[in-house]
file query.cif (mmCIF, C-alpha atoms and all ligand atoms)
data_input
#
loop_
_atom_site.group_PDB
_atom_site.id
_atom_site.type_symbol
_atom_site.label_atom_id
_atom_site.label_comp_id
_atom_site.auth_asym_id
_atom_site.auth_seq_id
_atom_site.Cartn_x
_atom_site.Cartn_y
_atom_site.Cartn_z
ATOM 1 C CA MET A 2 100.503 89.969 124.882
ATOM 2 C CA SER A 3 96.957 88.906 125.731
ATOM 3 C CA PHE A 4 94.360 91.068 127.473
ATOM 4 C CA GLY A 5 91.643 88.398 127.534
ATOM 5 C CA LEU A 6 89.475 90.693 125.397
ATOM 6 C CA LEU A 7 87.561 87.829 123.781
ATOM 7 C CA LYS A 8 87.422 85.422 126.718
ATOM 8 C CA GLY A 9 84.276 83.290 126.561
ATOM 9 C CA LYS A 10 83.390 84.367 123.023
ATOM 10 C CA TRP A 11 82.847 82.189 119.956
ATOM 11 C CA GLY A 12 83.681 83.460 116.472
ATOM 12 C CA LEU A 13 83.610 82.471 112.818
ATOM 13 C CA ILE A 14 86.633 83.396 110.691
ATOM 14 C CA THR A 15 86.465 83.106 106.899
ATOM 15 C CA GLY A 16 89.312 83.377 104.382
ATOM 16 C CA ALA A 17 92.480 82.259 106.209
ATOM 17 C CA LEU A 18 94.387 80.758 103.277
ATOM 18 C CA ASP A 19 98.009 80.880 104.472
ATOM 19 C CA GLU A 20 100.301 82.674 106.900
ATOM 20 C CA LYS A 21 100.113 85.889 104.853
ATOM 21 C CA SER A 22 96.291 86.089 104.941
ATOM 22 C CA ILE A 23 94.818 88.904 107.019
ATOM 23 C CA ALA A 24 92.263 86.387 108.357
ATOM 24 C CA TRP A 25 95.100 84.106 109.493
ATOM 25 C CA HIS A 26 96.433 86.907 111.718
ATOM 26 C CA VAL A 27 92.952 87.761 112.987
ATOM 27 C CA ALA A 28 92.317 84.103 113.896
ATOM 28 C CA ARG A 29 95.646 83.846 115.701
ATOM 29 C CA ARG A 30 95.075 87.086 117.680
ATOM 30 C CA ALA A 31 91.428 86.278 118.495
ATOM 31 C CA HIS A 32 92.550 82.900 119.835
ATOM 32 C CA GLU A 33 95.282 84.599 121.868
ATOM 33 C CA GLU A 34 92.619 86.874 123.357
ATOM 34 C CA GLY A 35 90.692 83.858 124.589
ATOM 35 C CA ALA A 36 88.133 83.273 121.812
ATOM 36 C CA GLN A 37 87.081 79.873 120.543
ATOM 37 C CA LEU A 38 86.951 79.762 116.774
ATOM 38 C CA ILE A 39 85.345 78.113 113.811
ATOM 39 C CA LEU A 40 87.295 78.430 110.571
ATOM 40 C CA THR A 41 85.952 78.186 107.039
ATOM 41 C CA ASN A 42 87.288 78.525 103.531
ATOM 42 C CA ALA A 43 86.353 77.509 99.995
ATOM 43 C CA PRO A 44 86.759 73.761 99.317
ATOM 44 C CA VAL A 45 89.469 74.495 96.722
ATOM 45 C CA ALA A 46 91.418 76.537 99.296
ATOM 46 C CA LEU A 47 91.435 73.585 101.665
ATOM 47 C CA ARG A 48 93.309 71.661 98.976
ATOM 48 C CA LEU A 49 95.695 74.445 97.904
ATOM 49 C CA GLY A 50 96.257 76.418 101.082
ATOM 50 C CA GLN A 51 97.299 75.658 104.607
ATOM 51 C CA PRO A 52 94.027 76.209 106.511
ATOM 52 C CA ARG A 53 94.233 72.754 108.105
ATOM 53 C CA MET A 54 97.511 73.675 109.760
ATOM 54 C CA LEU A 55 95.892 76.752 111.324
ATOM 55 C CA ALA A 56 92.859 74.740 112.446
ATOM 56 C CA GLU A 57 95.132 72.244 114.197
ATOM 57 C CA ARG A 58 97.174 74.994 115.866
ATOM 58 C CA LEU A 59 94.062 76.716 117.192
ATOM 59 C CA SER A 60 92.108 73.498 117.925
ATOM 60 C CA ALA A 61 89.341 74.890 115.744
ATOM 61 C CA PRO A 62 86.953 73.009 113.453
ATOM 62 C CA LEU A 63 87.497 73.795 109.764
ATOM 63 C CA ILE A 64 84.303 73.685 107.709
ATOM 64 C CA PRO A 65 84.509 73.914 103.902
ATOM 65 C CA ALA A 66 82.068 76.388 102.324
ATOM 66 C CA ASP A 67 81.922 78.301 99.069
ATOM 67 C CA LEU A 68 80.486 81.575 100.381
ATOM 68 C CA THR A 69 78.662 82.242 97.118
ATOM 69 C CA ASN A 70 76.629 79.062 97.678
ATOM 70 C CA PRO A 71 73.671 79.389 100.107
ATOM 71 C CA VAL A 72 73.523 75.601 100.626
ATOM 72 C CA ASP A 73 77.160 75.591 101.781
ATOM 73 C CA ILE A 74 76.498 78.557 104.086
ATOM 74 C CA GLU A 75 73.460 76.844 105.650
ATOM 75 C CA LYS A 76 75.576 73.769 106.344
ATOM 76 C CA LEU A 77 78.405 75.956 107.678
ATOM 77 C CA TYR A 78 76.132 77.571 110.277
ATOM 78 C CA THR A 79 74.472 74.277 111.220
ATOM 79 C CA GLU A 80 77.863 72.705 111.951
ATOM 80 C CA ALA A 81 79.255 75.865 113.577
ATOM 81 C CA LEU A 82 76.277 76.088 115.949
ATOM 82 C CA GLN A 83 76.634 72.404 116.808
ATOM 83 C CA HIS A 84 80.301 72.943 117.677
ATOM 84 C CA ALA A 85 79.776 76.113 119.681
ATOM 85 C CA GLY A 86 76.521 74.977 121.295
ATOM 86 C CA ARG A 87 75.408 78.633 121.230
ATOM 87 C CA PRO A 88 75.134 81.588 118.811
ATOM 88 C CA LEU A 89 78.328 83.256 117.571
ATOM 89 C CA ASP A 90 79.691 86.479 119.100
ATOM 90 C CA PHE A 91 81.708 87.600 116.103
ATOM 91 C CA VAL A 92 82.233 86.958 112.391
ATOM 92 C CA LEU A 93 85.025 88.027 110.035
ATOM 93 C CA HIS A 94 84.343 88.239 106.288
ATOM 94 C CA SER A 95 87.764 88.143 104.615
ATOM 95 C CA VAL A 96 87.020 87.001 101.096
ATOM 96 C CA GLY A 97 87.759 88.550 97.727
ATOM 97 C CA MET A 98 88.481 87.528 94.147
ATOM 98 C CA SER A 99 88.081 89.051 90.686
ATOM 99 C CA PRO A 100 88.418 86.946 87.535
ATOM 100 C CA ASN A 101 88.690 90.214 85.538
ATOM 101 C CA VAL A 102 91.679 91.366 87.604
ATOM 102 C CA ARG A 103 93.217 87.895 87.458
ATOM 103 C CA LYS A 104 92.955 87.861 83.683
ATOM 104 C CA GLY A 105 94.272 91.423 83.353
ATOM 105 C CA LYS A 106 91.050 92.862 81.899
ATOM 106 C CA ALA A 107 91.083 96.659 82.143
ATOM 107 C CA TYR A 108 87.993 98.222 83.789
ATOM 108 C CA PRO A 109 86.434 99.595 80.569
ATOM 109 C CA GLU A 110 86.840 96.137 78.931
ATOM 110 C CA ILE A 111 85.546 93.842 81.685
ATOM 111 C CA ASP A 112 83.780 90.586 80.919
ATOM 112 C CA TYR A 113 80.275 90.637 82.455
ATOM 113 C CA ASP A 114 80.189 86.980 83.519
ATOM 114 C CA PHE A 115 83.437 87.629 85.381
ATOM 115 C CA TYR A 116 81.980 90.860 86.786
ATOM 116 C CA PHE A 117 79.038 88.978 88.338
ATOM 117 C CA LYS A 118 81.513 86.516 89.826
ATOM 118 C CA THR A 119 83.603 89.354 91.304
ATOM 119 C CA LEU A 120 80.550 90.923 92.923
ATOM 120 C CA ASP A 121 79.212 87.581 94.134
ATOM 121 C CA VAL A 122 82.470 86.368 95.724
ATOM 122 C CA SER A 123 83.698 89.698 97.059
ATOM 123 C CA ALA A 124 80.498 91.456 98.187
ATOM 124 C CA ILE A 125 77.224 89.531 97.839
ATOM 125 C CA SER A 126 78.787 86.641 99.789
ATOM 126 C CA PHE A 127 78.754 89.036 102.768
ATOM 127 C CA HIS A 128 75.013 89.610 102.355
ATOM 128 C CA LYS A 129 74.439 85.849 102.084
ATOM 129 C CA LEU A 130 76.555 85.199 105.184
ATOM 130 C CA LEU A 131 74.522 87.777 107.135
ATOM 131 C CA GLN A 132 71.086 86.858 105.787
ATOM 132 C CA ILE A 133 71.464 83.112 106.343
ATOM 133 C CA GLY A 134 73.146 83.631 109.737
ATOM 134 C CA ARG A 135 70.309 85.917 110.841
ATOM 135 C CA ASN A 136 67.637 83.475 109.642
ATOM 136 C CA LYS A 137 69.295 80.601 111.498
ATOM 137 C CA GLY A 138 69.621 82.580 114.741
ATOM 138 C CA ALA A 139 73.389 82.171 114.478
ATOM 139 C CA PHE A 140 74.353 85.589 115.910
ATOM 140 C CA ALA A 141 74.475 86.344 119.627
ATOM 141 C CA LYS A 142 72.958 89.595 120.943
ATOM 142 C CA GLY A 143 75.559 92.365 121.223
ATOM 143 C CA GLY A 144 77.894 90.621 118.785
ATOM 144 C CA SER A 145 80.235 92.137 116.226
ATOM 145 C CA ILE A 146 80.711 91.516 112.508
ATOM 146 C CA VAL A 147 83.618 92.847 110.440
ATOM 147 C CA ALA A 148 84.448 92.737 106.720
ATOM 148 C CA LEU A 149 87.612 93.947 105.017
ATOM 149 C CA SER A 150 87.740 96.598 102.329
ATOM 150 C CA TYR A 151 90.165 98.846 100.455
ATOM 151 C CA ILE A 152 90.127 102.587 99.721
ATOM 152 C CA ALA A 153 89.511 101.851 96.028
ATOM 153 C CA ALA A 154 85.837 101.865 97.121
ATOM 154 C CA GLN A 155 86.146 105.674 97.426
ATOM 155 C CA ARG A 156 88.995 106.635 95.076
ATOM 156 C CA VAL A 157 90.290 105.457 91.732
ATOM 157 C CA PHE A 158 93.122 102.929 91.681
ATOM 158 C CA PRO A 159 92.884 101.903 88.012
ATOM 159 C CA LYS A 160 94.426 98.423 88.302
ATOM 160 C CA TYR A 161 92.030 97.480 91.121
ATOM 161 C CA GLY A 162 89.427 97.182 88.360
ATOM 162 C CA ASP A 163 85.987 95.802 89.188
ATOM 163 C CA MET A 164 87.109 95.011 92.746
ATOM 164 C CA SER A 165 86.527 98.748 93.366
ATOM 165 C CA ASP A 166 82.828 98.248 92.600
ATOM 166 C CA ALA A 167 82.731 95.115 94.758
ATOM 167 C CA LYS A 168 84.238 96.994 97.709
ATOM 168 C CA ALA A 169 81.761 99.877 97.316
ATOM 169 C CA LEU A 170 78.916 97.324 97.406
ATOM 170 C CA LEU A 171 80.475 95.504 100.375
ATOM 171 C CA GLU A 172 80.626 98.755 102.349
ATOM 172 C CA SER A 173 76.998 99.520 101.543
ATOM 173 C CA ILE A 174 75.916 96.028 102.639
ATOM 174 C CA ALA A 175 77.702 96.580 105.969
ATOM 175 C CA ARG A 176 75.844 99.867 106.477
ATOM 176 C CA MET A 177 72.440 98.475 105.497
ATOM 177 C CA PHE A 178 72.696 95.225 107.462
ATOM 178 C CA GLY A 179 74.268 97.150 110.346
ATOM 179 C CA TYR A 180 71.018 99.074 110.645
ATOM 180 C CA PHE A 181 68.791 95.989 110.799
ATOM 181 C CA LEU A 182 71.059 93.817 112.960
ATOM 182 C CA GLY A 183 71.677 96.763 115.272
ATOM 183 C CA LYS A 184 67.945 97.319 115.823
ATOM 184 C CA GLU A 185 67.092 93.647 116.185
ATOM 185 C CA LEU A 186 69.992 92.262 118.191
ATOM 186 C CA GLY A 187 72.363 95.111 119.102
ATOM 187 C CA ILE A 188 74.887 93.650 116.674
ATOM 188 C CA ARG A 189 77.614 95.895 115.214
ATOM 189 C CA VAL A 190 78.605 95.612 111.549
ATOM 190 C CA ASN A 191 81.738 97.465 110.481
ATOM 191 C CA ILE A 192 84.204 97.614 107.644
ATOM 192 C CA VAL A 193 87.951 97.825 108.135
ATOM 193 C CA SER A 194 89.605 99.492 105.145
ATOM 194 C CA GLN A 195 93.146 98.139 105.218
ATOM 195 C CA SER A 196 96.474 99.305 103.733
ATOM 196 C CA PRO A 197 97.882 97.327 100.798
ATOM 197 C CA THR A 198 99.099 94.061 102.329
ATOM 198 C CA PRO A 199 101.307 91.442 100.629
ATOM 199 C CA THR A 200 98.902 88.471 100.579
ATOM 200 C CA THR A 201 97.832 86.126 97.775
ATOM 201 C CA ALA A 202 94.835 88.336 96.919
ATOM 202 C CA GLY A 203 96.796 91.603 97.358
ATOM 203 C CA THR A 204 99.770 90.692 95.210
ATOM 204 C CA GLY A 205 97.382 89.516 92.473
ATOM 205 C CA ILE A 206 96.768 93.200 91.625
ATOM 206 C CA GLU A 207 99.008 94.380 88.772
ATOM 207 C CA GLY A 208 101.601 96.874 90.057
ATOM 208 C CA PHE A 209 101.002 95.835 93.698
ATOM 209 C CA ASP A 210 104.621 96.549 94.716
ATOM 210 C CA ARG A 211 104.456 100.122 93.407
ATOM 211 C CA MET A 212 101.038 100.703 95.011
ATOM 212 C CA PHE A 213 102.467 99.366 98.270
ATOM 213 C CA GLU A 214 105.499 101.704 98.085
ATOM 214 C CA TYR A 215 103.366 104.713 97.145
ATOM 215 C CA ALA A 216 100.945 104.104 100.039
ATOM 216 C CA ASN A 217 103.860 103.558 102.393
ATOM 217 C CA LYS A 218 105.326 106.974 101.505
ATOM 218 C CA MET A 219 101.933 108.693 101.701
ATOM 219 C CA SER A 220 101.065 107.291 105.155
ATOM 220 C CA PRO A 221 102.634 109.107 108.132
ATOM 221 C CA LEU A 222 102.682 105.807 110.063
ATOM 222 C CA GLY A 223 103.663 103.758 107.008
ATOM 223 C CA ASN A 224 101.434 100.973 105.707
ATOM 224 C CA ALA A 225 99.524 99.167 108.430
ATOM 225 C CA SER A 226 100.577 95.508 108.608
ATOM 226 C CA ALA A 227 98.333 92.431 108.666
ATOM 227 C CA GLU A 228 99.366 91.916 112.306
ATOM 228 C CA ALA A 229 98.240 95.450 113.228
ATOM 229 C CA CYS A 230 95.010 94.891 111.304
ATOM 230 C CA ALA A 231 94.373 91.791 113.419
ATOM 231 C CA ASP A 232 94.891 93.821 116.610
ATOM 232 C CA PHE A 233 92.371 96.402 115.400
ATOM 233 C CA VAL A 234 89.796 93.806 114.347
ATOM 234 C CA VAL A 235 90.089 92.111 117.750
ATOM 235 C CA THR A 236 89.167 95.411 119.454
ATOM 236 C CA LEU A 237 86.101 95.594 117.183
ATOM 237 C CA PHE A 238 85.112 92.060 118.202
ATOM 238 C CA SER A 239 85.551 92.982 121.868
ATOM 239 C CA ASP A 240 83.041 94.722 124.141
ATOM 240 C CA LEU A 241 85.274 97.837 124.215
ATOM 241 C CA THR A 242 83.797 99.122 120.935
ATOM 242 C CA ARG A 243 80.116 98.420 121.566
ATOM 243 C CA GLY A 244 79.016 101.872 120.344
ATOM 244 C CA VAL A 245 80.646 101.627 116.908
ATOM 245 C CA THR A 246 78.616 100.371 113.969
ATOM 246 C CA MET A 247 77.919 100.874 110.238
ATOM 247 C CA GLN A 248 81.316 102.525 109.748
ATOM 248 C CA THR A 249 84.111 102.211 107.246
ATOM 249 C CA LEU A 250 87.118 102.475 109.559
ATOM 250 C CA TYR A 251 90.428 103.254 107.884
ATOM 251 C CA HIS A 252 93.278 101.126 109.143
ATOM 252 C CA ASP A 253 95.855 102.571 106.801
ATOM 253 C CA GLY A 254 98.568 104.443 108.697
ATOM 254 C CA GLY A 255 96.852 107.740 107.829
ATOM 255 C CA PHE A 256 96.872 107.273 104.020
ATOM 256 C CA SER A 257 93.220 108.258 103.549
ATOM 257 C CA ALA A 258 93.729 111.692 105.163
ATOM 258 C CA VAL A 259 96.856 112.750 103.226
ATOM 259 C CA GLY A 260 96.798 114.713 99.953
ATOM 260 C CA ILE A 261 100.509 114.509 99.188
ATOM 261 C CA ALA A 262 103.528 113.500 101.254
ATOM 262 C CA GLU A 263 106.716 115.575 101.199
ATOM 263 C CA GLU A 264 108.709 112.534 100.016
ATOM 264 C CA LEU A 265 106.650 112.503 96.819
ATOM 265 C CA LEU A 266 107.213 116.179 95.961
HETATM 266 N N1 LIG B 301 95.851 92.372 100.654
HETATM 267 C C1 LIG B 301 95.473 93.626 100.540
HETATM 268 O O1 LIG B 301 96.208 94.496 100.067
HETATM 269 C C2 LIG B 301 94.114 94.032 101.047
HETATM 270 C C3 LIG B 301 93.850 95.386 101.322
HETATM 271 C C4 LIG B 301 92.562 95.740 101.757
HETATM 272 C C5 LIG B 301 91.572 94.763 101.888
HETATM 273 N N2 LIG B 301 91.876 93.454 101.602
HETATM 274 C C6 LIG B 301 90.798 92.458 101.719
HETATM 275 O O2 LIG B 301 91.110 91.536 102.733
HETATM 276 C C7 LIG B 301 90.356 90.348 102.508
HETATM 277 C C8 LIG B 301 91.270 89.140 102.665
HETATM 278 O O3 LIG B 301 92.230 89.100 101.631
HETATM 279 P P1 LIG B 301 93.781 88.818 101.876
HETATM 280 O O4 LIG B 301 94.500 90.011 101.391
HETATM 281 O O5 LIG B 301 94.025 88.314 103.252
HETATM 282 O O6 LIG B 301 94.082 87.674 100.794
HETATM 283 P P2 LIG B 301 93.964 86.063 100.831
HETATM 284 O O7 LIG B 301 94.192 85.660 99.410
HETATM 285 O O8 LIG B 301 94.863 85.502 101.849
HETATM 286 O O9 LIG B 301 92.446 85.790 101.264
HETATM 287 C C9 LIG B 301 91.347 85.769 100.361
HETATM 288 C C10 LIG B 301 90.490 84.586 100.769
HETATM 289 O O10 LIG B 301 89.273 84.537 100.035
HETATM 290 C C11 LIG B 301 88.941 83.146 99.944
HETATM 291 N N3 LIG B 301 87.879 82.920 98.935
HETATM 292 C C12 LIG B 301 87.905 83.260 97.612
HETATM 293 N N4 LIG B 301 86.758 82.868 97.019
HETATM 294 C C13 LIG B 301 85.993 82.283 97.999
HETATM 295 C C14 LIG B 301 84.694 81.699 98.009
HETATM 296 N N5 LIG B 301 83.942 81.611 96.891
HETATM 297 N N6 LIG B 301 84.221 81.204 99.189
HETATM 298 C C15 LIG B 301 84.956 81.270 100.331
HETATM 299 N N7 LIG B 301 86.193 81.838 100.374
HETATM 300 C C16 LIG B 301 86.702 82.326 99.221
HETATM 301 C C17 LIG B 301 90.272 82.539 99.547
HETATM 302 O O11 LIG B 301 90.301 81.130 99.640
HETATM 303 C C18 LIG B 301 91.200 83.241 100.530
HETATM 304 O O12 LIG B 301 91.296 82.518 101.733
HETATM 305 C C19 LIG B 301 89.726 90.492 101.119
HETATM 306 O O13 LIG B 301 88.408 90.965 101.258
HETATM 307 C C20 LIG B 301 90.597 91.571 100.500
HETATM 308 O O14 LIG B 301 89.972 92.250 99.444
HETATM 309 C C21 LIG B 301 93.106 93.071 101.200
#
call {"tool": "encode", "arguments": {"input": "query.cif", "output": "structure tokens", "more": "lines below"}}
Ligand SMILES: NC(=O)c1ccc[n+]([C@@H]2O[C@H](COP(=O)([O-])OP(=O)(O)OC[C@H]3O[C@@H](n4cnc5c(N)ncnc54)[C@H](O)[C@@H]3O)[C@@H](O)[C@H]2O)c1
result
Amino acid sequence: MSFGLLKGKWGLITGALDEKSIAWHVARRAHEEGAQLILTNAPVALRLGQPRMLAERLSAPLIPADLTNPVDIEKLYTEALQHAGRPLDFVLHSVGMSPNVRKGKAYPEIDYDFYFKTLDVSAISFHKLLQIGRNKGAFAKGGSIVALSYIAAQRVFPKYGDMSDAKALLESIARMFGYFLGKELGIRVNIVSQSPTPTTAGTGIEGFDRMFEYANKMSPLGNASAEACADFVVTLFSDLTRGVTMQTLYHDGGFSAVGIAEELL
């Protein structure tokens, strides 16, 4: 069902790799709500994933960009602004990757080159996306920017490894930039902290299935799906949430507020 919540708005969606990706669902819902979109993903993802299929379905330009690379981001905004012919109303950061987690390195044993890569891809890329976008005048007044996080930023989930540190940094960047962009342009910057979701990045975490089941039992509403996450993100992009900024908003079926569920006793 469409409510026309994003009618007349232009948005940039990063990280839609395949039909399981949270960003894929957000792009689909934002389009349904009347937005016009620009899609981007890492050049390697354009070869491996199915982003082109999504771009065709949504009649959206797909611009390759490694979001750790400022030159790529500059080019991304230049092309996006040419397409839209005006500044962007919303942006989704939906990017994460840890070489330490991929290679099964336990947190106390992490490799520091990998650690820098984790932080760069999963958190500092958000700062770069915001800094370069701001400098290029790419954001419309009153717009909305969202990035995705996980509760391992606040609590220990041992197998989430150095991604926990990346998410803590990501959430801080949202708060800090939210202050400056709010003052300058009335732009909101929020984090959505999502339930475990069976995507390529999610299932790359060792023991994902058990974490998923545990969270599902702990959450009174059950784990929140990628589809529900997209619905929530669309409300944050809309004008209905124009007083909400610099927040980590839990979209997790209630998980974050529960100490223990009866099923687990
Ligand atoms: N899946 C979960 O359980 C879960 C839970 C909470 C938060 N999140 C977060 O949601 C976001 C999206 O992940 P997802 O679960 O949809 O998985 P996904 O694997 O579908 O998406 C991750 C995306 O990051 C992109 N990416 C990686 N390195 C990049 C780079 N250098 N430049 C540009 N793009 C790059 C990938 O190509 C991919 O499209 C991530 O921030 C993730 O941490 C996921």
call {"tool": "residues_near_ligand", "arguments": {"input": "query.cif", "ligand": "ligand LIG 301 (chain B)", "cutoff": "8 Å", "atoms": "only C-alpha atoms and all ligand atoms", "output": "PyMOL selection string"}}
result
chain A and resi 15-25+41-47+50+66-70+94-98+122-123+126+148-152+164+168+193-204
call {"tool": "closest_residue", "arguments": {"input": "query.cif", "among": "A:Ser220, A:Ser3, A:Ser60, A:Ser99", "to": "Gly260 (chain A)", "atoms": "only C-alpha atoms"}}
result
A:Ser220
call {"tool": "closest_residue", "arguments": {"input": "query.cif", "among": "A:Ala231, A:Ile188, A:Gly223, A:Asp90", "to": "Arg29 (chain A)", "atoms": "only C-alpha atoms"}}
result
A:Ala231
call {"tool": "resolve_selection", "arguments": {"input": "query.cif", "expression": "the PyMOL selection byres (((chain A and resi 183) around 12) and not hetatm)", "output": "ChimeraX atom specification"}}
result
/A:135,140-146,175-182,184-191,243-247
call {"tool": "residues_around", "arguments": {"input": "query.cif", "residues": "Arg103 (chain A)", "least_positions_apart": "6", "cutoff": "9 Å", "atoms": "only C-alpha atoms", "output": "list in words"}}
result
Gly205, Ile206 and Glu207 of chain A
call {"tool": "resolve_selection", "arguments": {"input": "query.cif", "expression": "the PyMOL selection byres (((chain A and resi 72-80) around 12) and not hetatm)", "output": "JSON, numbers by chain"}}
result
{"A": [12, 13, 14, 15, 39, 40, 41, 42, 43, 44, 62, 63, 64, 65, 66, 67, 68, 69, 70, 71, 81, 82, 83, 84, 85, 86, 87, 88, 89, 92, 126, 127, 128, 129, 130, 131, 132, 133, 134, 135, 136, 137, 138, 139, 140]}
call {"tool": "resolve_selection", "arguments": {"input": "query.cif", "expression": "the PyMOL selection byres (((chain A and resi 113-116) around 7) and not hetatm)", "output": "MDAnalysis selection string"}}
result
chainID A and resid 100:101 111:112 117:120 163
call {"tool": "closest_residue", "arguments": {"input": "query.cif", "among": "A:Phe256, A:Tyr215, A:Phe158, A:Phe91", "to": "Val27 (chain A)", "atoms": "only C-alpha atoms"}}
result
A:Phe91
call {"tool": "atom_distance", "arguments": {"input": "query.cif", "atom1": "CA of Ala154 (chain A)", "atom2": "CA of Leu170 (chain A)"}}
result
8.3 Å
call {"tool": "atom_distance", "arguments": {"input": "query.cif", "atom1": "CA of Lys106 (chain A)", "atom2": "CA of Phe209 (chain A)"}}
result
15.7 Å
call {"tool": "atom_distance", "arguments": {"input": "query.cif", "atom1": "CA of Tyr108 (chain A)", "atom2": "CA of Ala167 (chain A)"}}
result
12.6 Å
call {"tool": "closest_residue", "arguments": {"input": "query.cif", "among": "A:Lys160, A:Gly208, A:Ser257, A:Val235", "to": "His32 (chain A)", "atoms": "all atoms listed in the file"}}
result
A:Val235
call {"tool": "residues_around", "arguments": {"input": "query.cif", "residues": "Asp232 (chain A)", "least_positions_apart": "4", "cutoff": "8 Å", "atoms": "all atoms listed in the file", "output": "MDAnalysis selection string"}}
result
chainID A and resid 27 30 228 236
call {"tool": "residues_around", "arguments": {"input": "query.cif", "residues": "Glu34 (chain A)", "least_positions_apart": "2", "cutoff": "7 Å", "atoms": "all atoms listed in the file", "output": "PyMOL selection string"}}
result
chain A and resi 3-8+30-32+36
call {"tool": "axis_aligned_box", "arguments": {"input": "query.cif", "around": "region 232-239 of chain A", "padding_each_side": "8 Å", "output": "lines of an AutoDock Vina configuration file"}}
result
center_x = 90.0
center_y = 94.2
center_z = 118.1
size_x = 25.8
size_y = 20.3
size_z = 23.5
call {"tool": "closest_residue", "arguments": {"input": "query.cif", "among": "A:Glu263, A:Arg48, A:Ala153, A:Ile192", "to": "Phe238 (chain A)", "atoms": "all atoms listed in the file"}}
result
A:Ile192
call {"tool": "closest_residue", "arguments": {"input": "query.cif", "among": "A:Asp253, A:Glu110, A:Asp166, A:Glu264", "to": "Phe233 (chain A)", "atoms": "only C-alpha atoms"}}
result
A:Asp253
call {"tool": "decode", "arguments": {"input": "query.cif", "residues": "region 24-40 of chain A", "atoms": "N, CA and C atoms", "output": "compact mmCIF listing (two decimals), in the first residue's frame"}}
result
# COMPACT_ATOMS: atom_id res chain seq x y z
N ALA A 24 18.80 -2.57 2.20
CA ALA A 24 18.71 -1.41 1.29
C ALA A 24 17.82 -1.70 0.09
N TRP A 25 17.80 -2.94 -0.35
CA TRP A 25 16.94 -3.34 -1.48
C TRP A 25 15.49 -3.06 -1.12
N HIS A 26 15.11 -3.47 0.11
CA HIS A 26 13.72 -3.27 0.57
C HIS A 26 13.42 -1.79 0.74
N VAL A 27 14.39 -1.05 1.27
CA VAL A 27 14.18 0.39 1.46
C VAL A 27 13.98 1.06 0.09
N ALA A 28 14.80 0.69 -0.88
CA ALA A 28 14.68 1.29 -2.22
C ALA A 28 13.30 0.98 -2.81
N ARG A 29 12.89 -0.26 -2.69
CA ARG A 29 11.59 -0.67 -3.25
C ARG A 29 10.44 0.11 -2.59
N ARG A 30 10.49 0.23 -1.25
CA ARG A 30 9.41 0.93 -0.52
C ARG A 30 9.44 2.44 -0.81
N ALA A 31 10.65 3.01 -0.85
CA ALA A 31 10.76 4.46 -1.11
C ALA A 31 10.19 4.77 -2.50
N HIS A 32 10.47 3.90 -3.45
CA HIS A 32 9.95 4.07 -4.81
C HIS A 32 8.43 3.97 -4.81
N GLU A 33 7.93 2.97 -4.06
CA GLU A 33 6.47 2.80 -3.93
C GLU A 33 5.81 4.05 -3.36
N GLU A 34 6.53 4.71 -2.46
CA GLU A 34 5.98 5.92 -1.81
C GLU A 34 6.18 7.17 -2.64
N GLY A 35 6.66 6.99 -3.87
CA GLY A 35 6.69 8.11 -4.81
C GLY A 35 8.04 8.78 -4.99
N ALA A 36 9.09 8.25 -4.32
CA ALA A 36 10.42 8.89 -4.45
C ALA A 36 11.08 8.51 -5.77
N GLN A 37 11.97 9.37 -6.22
CA GLN A 37 12.86 9.04 -7.33
C GLN A 37 14.23 8.78 -6.73
N LEU A 38 14.88 7.73 -7.23
CA LEU A 38 16.08 7.24 -6.54
C LEU A 38 17.32 7.24 -7.39
N ILE A 39 18.45 7.33 -6.69
CA ILE A 39 19.75 7.07 -7.26
C ILE A 39 20.35 5.95 -6.43
N LEU A 40 20.82 4.90 -7.11
CA LEU A 40 21.39 3.75 -6.40
C LEU A 40 22.90 3.75 -6.58
